[in-house]
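Participant: Just data38.txt, nothing more (compact mmCIF, C-alpha atoms):
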```txt
# COMPACT_ATOMS: atom_id res chain seq x y z
CA MET A 1 -5.62 26.29 -11.26
CA ASN A 2 -7.21 24.46 -14.18
CA HIS A 3 -9.73 21.63 -13.85
CA ARG A 4 -7.21 18.84 -14.52
CA ALA A 5 -4.69 20.20 -12.03
CA SER A 6 -7.31 20.65 -9.31
CA THR A 7 -8.65 17.13 -9.98
CA PHE A 8 -5.12 15.74 -9.68
CA ALA A 9 -4.47 17.65 -6.44
CA ALA A 10 -7.75 16.55 -4.89
CA ALA A 11 -7.30 12.91 -5.94
CA TYR A 12 -3.72 12.84 -4.63
CA ALA A 13 -4.68 14.34 -1.26
CA LEU A 14 -7.63 11.97 -0.86
CA LEU A 15 -5.52 8.94 -1.82
CA ARG A 16 -2.75 9.86 0.62
CA ALA A 17 -5.24 10.27 3.47
CA ALA A 18 -6.92 6.97 2.59
CA ALA A 19 -3.58 5.15 2.26
CA ASP A 20 -2.34 6.41 5.62
CA HIS A 21 -5.53 5.28 7.32
CA ALA A 22 -5.67 1.90 5.54
CA ASP A 23 -2.00 1.10 6.18
CA HIS A 24 -1.85 2.22 9.81
CA TRP A 25 -5.28 2.07 11.43
CA GLY A 26 -7.14 -0.15 9.00
CA GLN A 27 -4.58 -2.93 8.73
CA SER A 28 -4.80 -5.60 11.42
CA ASP A 29 -1.80 -6.54 13.53
CA PHE A 30 -1.98 -10.04 12.07
CA ASP A 31 -1.94 -8.75 8.48
CA SER A 32 0.97 -6.39 9.10
CA LEU A 33 3.14 -9.11 10.66
CA VAL A 34 2.26 -12.05 8.42
CA LYS A 35 1.90 -10.57 4.89
CA GLY A 36 5.57 -11.19 4.08
CA ALA A 37 5.66 -14.82 5.25
CA THR A 38 7.26 -17.46 3.02
CA ASP A 39 7.89 -21.18 3.36
CA THR A 40 11.62 -20.47 3.80
CA ALA A 41 10.92 -17.67 6.30
CA PRO A 42 7.61 -18.58 7.99
CA VAL A 43 6.04 -16.20 10.49
CA THR A 44 4.76 -17.40 13.85
CA TYR A 45 1.95 -15.23 15.19
CA GLU A 46 0.60 -15.44 18.72
CA HIS A 47 -3.01 -14.26 18.96
CA GLU A 48 -4.29 -12.36 22.00
CA ASP A 49 -6.14 -15.48 23.18
CA GLY A 50 -2.88 -17.47 23.19
CA ARG A 51 -3.43 -19.41 19.95
CA VAL A 52 -0.35 -19.69 17.75
CA THR A 53 -0.50 -19.60 13.96
CA VAL A 54 2.43 -20.40 11.68
CA VAL A 55 2.11 -18.90 8.19
CA GLY A 56 4.11 -19.76 5.05
CA THR A 57 4.05 -18.57 1.43
CA ASP A 58 0.42 -19.32 0.56
CA GLY A 59 -0.84 -17.84 3.81
CA GLY A 60 1.39 -14.78 3.42
CA ARG A 61 0.03 -14.15 -0.06
CA ARG A 62 -3.58 -14.54 1.14
CA VAL A 63 -2.99 -12.20 4.09
CA CYS A 64 -1.30 -9.63 1.85
CA LEU A 65 -4.17 -9.88 -0.63
CA HIS A 66 -6.67 -9.41 2.22
CA HIS A 67 -4.84 -6.27 3.34
CA VAL A 68 -4.60 -4.94 -0.23
CA MET A 69 -8.33 -5.51 -0.81
CA GLN A 70 -9.15 -3.53 2.36
CA TYR A 71 -6.59 -0.88 1.39
CA THR A 72 -7.98 -0.50 -2.14
CA ALA A 73 -11.59 -0.45 -0.93
CA THR A 74 -10.68 2.31 1.55
CA GLN A 75 -9.03 4.30 -1.24
CA GLY A 76 -12.06 3.86 -3.47
CA LEU A 77 -14.55 4.91 -0.80
CA VAL A 78 -12.54 7.95 0.26
CA LEU A 79 -11.85 8.99 -3.33
CA VAL A 80 -15.47 8.69 -4.47
CA ALA A 81 -16.91 10.36 -1.36
CA GLY A 82 -14.27 13.10 -1.35
CA THR A 83 -14.55 13.97 -5.02
CA ARG A 84 -18.36 13.95 -4.82
CA ALA A 85 -18.19 16.32 -1.85
CA LEU A 86 -15.91 18.57 -3.90
CA GLY A 87 -18.18 18.43 -6.93
CA ILE A 88 -15.68 16.47 -9.03
CA ARG A 89 -17.02 13.58 -11.09
CA LEU A 90 -14.55 10.89 -12.08
CA HIS A 91 -14.97 8.54 -15.01
CA PRO A 92 -15.85 5.09 -13.56
CA ALA A 93 -13.51 3.15 -15.89
CA ALA A 94 -10.60 5.45 -15.11
CA LEU A 95 -11.33 5.13 -11.39
CA ALA A 96 -11.44 1.32 -11.61
CA ALA A 97 -8.19 1.21 -13.61
CA ALA A 98 -6.44 3.55 -11.19
CA LEU A 99 -7.52 1.52 -8.16
CA ALA A 100 -6.39 -1.69 -9.88
CA VAL A 101 -2.93 -0.15 -10.49
CA SER A 102 -2.78 1.07 -6.90
CA GLY A 103 -3.77 -2.33 -5.50
CA ALA A 104 -1.38 -4.31 -7.71
CA THR A 105 1.60 -2.09 -6.95
CA HIS A 106 0.74 -2.06 -3.24
CA PHE A 107 0.70 -5.87 -3.19
CA ALA A 108 4.05 -6.04 -5.00
CA ALA A 109 5.75 -3.64 -2.59
CA ASP A 110 3.99 -4.74 0.60
CA ARG A 111 4.71 -8.45 0.26
CA ARG A 112 8.31 -7.73 1.38
CA VAL A 113 9.55 -11.26 0.78
CA PRO A 114 13.32 -11.86 0.64
CA GLN A 115 14.54 -10.66 -2.75
CA GLY A 116 11.10 -9.18 -3.44
CA LEU A 117 10.37 -6.03 -5.42
CA LEU A 118 11.09 -3.55 -2.64
CA GLN A 119 14.39 -5.21 -1.69
CA ARG A 120 15.54 -5.43 -5.31
CA LEU A 121 14.62 -1.78 -5.86
CA ALA A 122 16.53 -0.75 -2.72
CA GLU A 123 19.61 -2.71 -3.81
CA ALA A 124 19.47 -1.32 -7.36
CA THR A 125 19.39 2.25 -6.05
CA GLY A 126 22.16 1.80 -3.46
CA LYS A 127 19.78 1.69 -0.47
CA LYS A 128 20.51 -1.86 0.75
CA ASN A 129 21.84 -0.75 4.15
CA PHE A 130 18.88 1.59 4.67
CA PHE A 131 16.48 -1.18 3.63
CA ASN A 132 17.96 -3.40 6.37
CA LEU A 133 18.01 -0.64 9.02
CA THR A 134 16.06 -1.53 12.16
CA ASP A 135 17.83 0.59 14.79
CA PHE A 136 17.22 3.94 16.47
CA GLY A 137 13.43 3.68 16.13
CA LEU A 138 13.66 3.52 12.35
CA ASN A 139 12.75 0.78 9.94
CA GLY A 140 14.23 1.23 6.48
CA ARG A 141 11.84 -1.19 4.79
CA TYR A 142 8.87 0.71 6.14
CA CYS A 143 10.28 4.10 5.14
CA LEU A 144 11.08 2.90 1.61
CA ASP A 145 7.60 1.37 1.37
CA LEU A 146 6.07 4.74 2.29
CA LEU A 147 8.16 6.54 -0.30
CA CYS A 148 7.31 3.93 -2.92
CA MET A 149 3.63 4.23 -1.98
CA SER A 150 3.75 7.99 -2.36
CA ARG A 151 5.26 7.67 -5.83
CA ARG A 152 3.00 4.87 -6.95
CA HIS A 153 -0.07 6.97 -6.12
CA GLN A 154 1.01 9.49 -8.71
CA VAL A 155 0.54 6.96 -11.54
CA PRO A 156 -3.09 6.15 -10.62
CA ASP A 157 -3.72 9.86 -10.03
CA ARG A 158 -2.69 10.58 -13.60
CA VAL A 159 -5.08 7.89 -14.80
CA ARG A 160 -7.82 9.46 -12.66
CA LEU A 161 -7.34 12.84 -14.28
CA ARG A 162 -9.87 11.75 -16.84
CA ALA A 163 -12.69 13.46 -14.99
CA VAL A 164 -16.22 13.51 -16.34
CA PRO A 165 -17.13 17.10 -17.32
```
Mind turning this structure into structure tokens?
Facilitator:
Amino acid sequence: MNHRASTFAAAYALLRAAADHADHWGQSDFDSLVKGATDTAPVTYEHEDGRVTVVGTDGGRRVCLHHVMQYTATQGLVLVAGTRALGIRLHPAALAAALAVSGATHFAADRRVPQGLLQRLAEATGKKNFFNLTDFGLNGRYCLDLLCMSRRHQVPDRVRLRAVP
């Protein structure tokens, strides 16, 4: 395997591991439930101490941004630590650009507002019914988000291939 291919493989594996952690263990319950809130579809969240918070569009955007910042920071830390441990040096500008692309696309897909990017993509590709699936232990929106996340990591990985010799 050549240097570029091994750098791509390592970056992809590290990003996937970081994304899985950040989206499942790193994301708070509040963030996961409220990040798609809008004024027309507000989310009511009951905290463990009994407090109730109602979140609309501005709050949903802030919560989604908070999650994406944690997500992107986790990716950056795992990618830098992992590539250093493997003896791979990445160009700092390429790393910053790749993380910016990852964060921006994650925000766009994760916001999940009615008629948002993920819903429009699902409808355009004939996956509207799957997008709306919430039966049998499945959630179509979540599954499509995971697939979208997997694909959107490949773009930043290609940017990251600009390793420092």
Participant: Go through A:His3, A:His67, A:Lys128, A:His91 and flag the residue nearest Lys35 in chain A, using only C-alpha atoms for the distances.
Facilitator: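 Closest to Lys35 in chain A, using only C-alpha atoms: A:His67.
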Participant: Considering all atoms listed in the file, state which residue in the set A:Leu86, A:Cys64, A:Leu99, A:Leu77 is at the smallest distance from Asp23 in chain A.
Facilitator: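 Result for the nearest residue to Asp23 in chain A: A:Cys64.
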Participant: CA of Thr105 in chain A and CA of Leu118 in chain A, how far apart in Å?
Facilitator: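 Taking CA of Leu118 in chain A and CA of Thr105 in chain A, their separation equals 10.5 Å.
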Participant: Out of A:Val113, A:Ala94, A:Leu79, A:Val68, which residue has the shortest atom-to-atom distance to Ala41 in chain A when counting only C-alpha atoms?
Facilitator: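 Closest residue, counting only C-alpha atoms: A:Val113.
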Participant: Measuring atom to atom with only C-alpha atoms, identify which of A:Gln70, A:Ser102, A:Gln119, A:Thr44 is nearest to Phe131 in chain A.
Facilitator: A:Gln119
Participant: Measuring between only C-alpha atoms, which one of A:Arg84, A:Arg89, A:Arg61, A:His106 shows the shortest distance to Asp39 in chain A?
Facilitator: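 Result for the nearest residue to Asp39 in chain A: A:Arg61.
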Participant: Please determine, counting all atoms listed in the file, which residue among A:Val34, A:Thr83, A:Pro42, A:Ala97 has the shortest atom-to-atom distance to Ala10 in chain A.
Facilitator: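 That would be A:Thr83, the residue with the smallest distance to Ala10 in chain A.
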Participant: CA of Val63 in chain A and CA of Val101 in chain A, how far apart in Å?
Facilitator: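 CA of Val101 in chain A sits 18.9 Å away from CA of Val63 in chain A.
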Participant: For range 24-108 of chain A against range 16-19 of chain A, with a cut-off of 8 Å and counting all atoms listed in the file, what is the closest atom pair and its distance in Å to one decimal for every residue that makes the cut, ordered by chain and number, as a tab-separated table?
Facilitator:
```
residue	atom	partner	partner_atom	distance
A:Tyr71	CA	A:Ala19	CA	6.8
A:Thr74	CA	A:Ala18	CA	6.1
A:Gln75	CA	A:Ala18	CA	5.1
A:Val78	CA	A:Ala18	CA	6.2
A:Leu79	CA	A:Ala18	CA	8.0
```
Participant: Please compute the CA of Thr38 in chain A-CA of Asn132 in chain A distance, one decimal, in Å.
Facilitator: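 Atom-to-atom, CA of Thr38 in chain A and CA of Asn132 in chain A are spaced 18.0 Å apart.
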Participant: Tell me which residues come within 9 Å of (4.1, -6.5, -5.8), as a PyMOL selection string, counting only C-alpha atoms in the file's coordinates.
Facilitator: chain A and resi 103-112+116-118
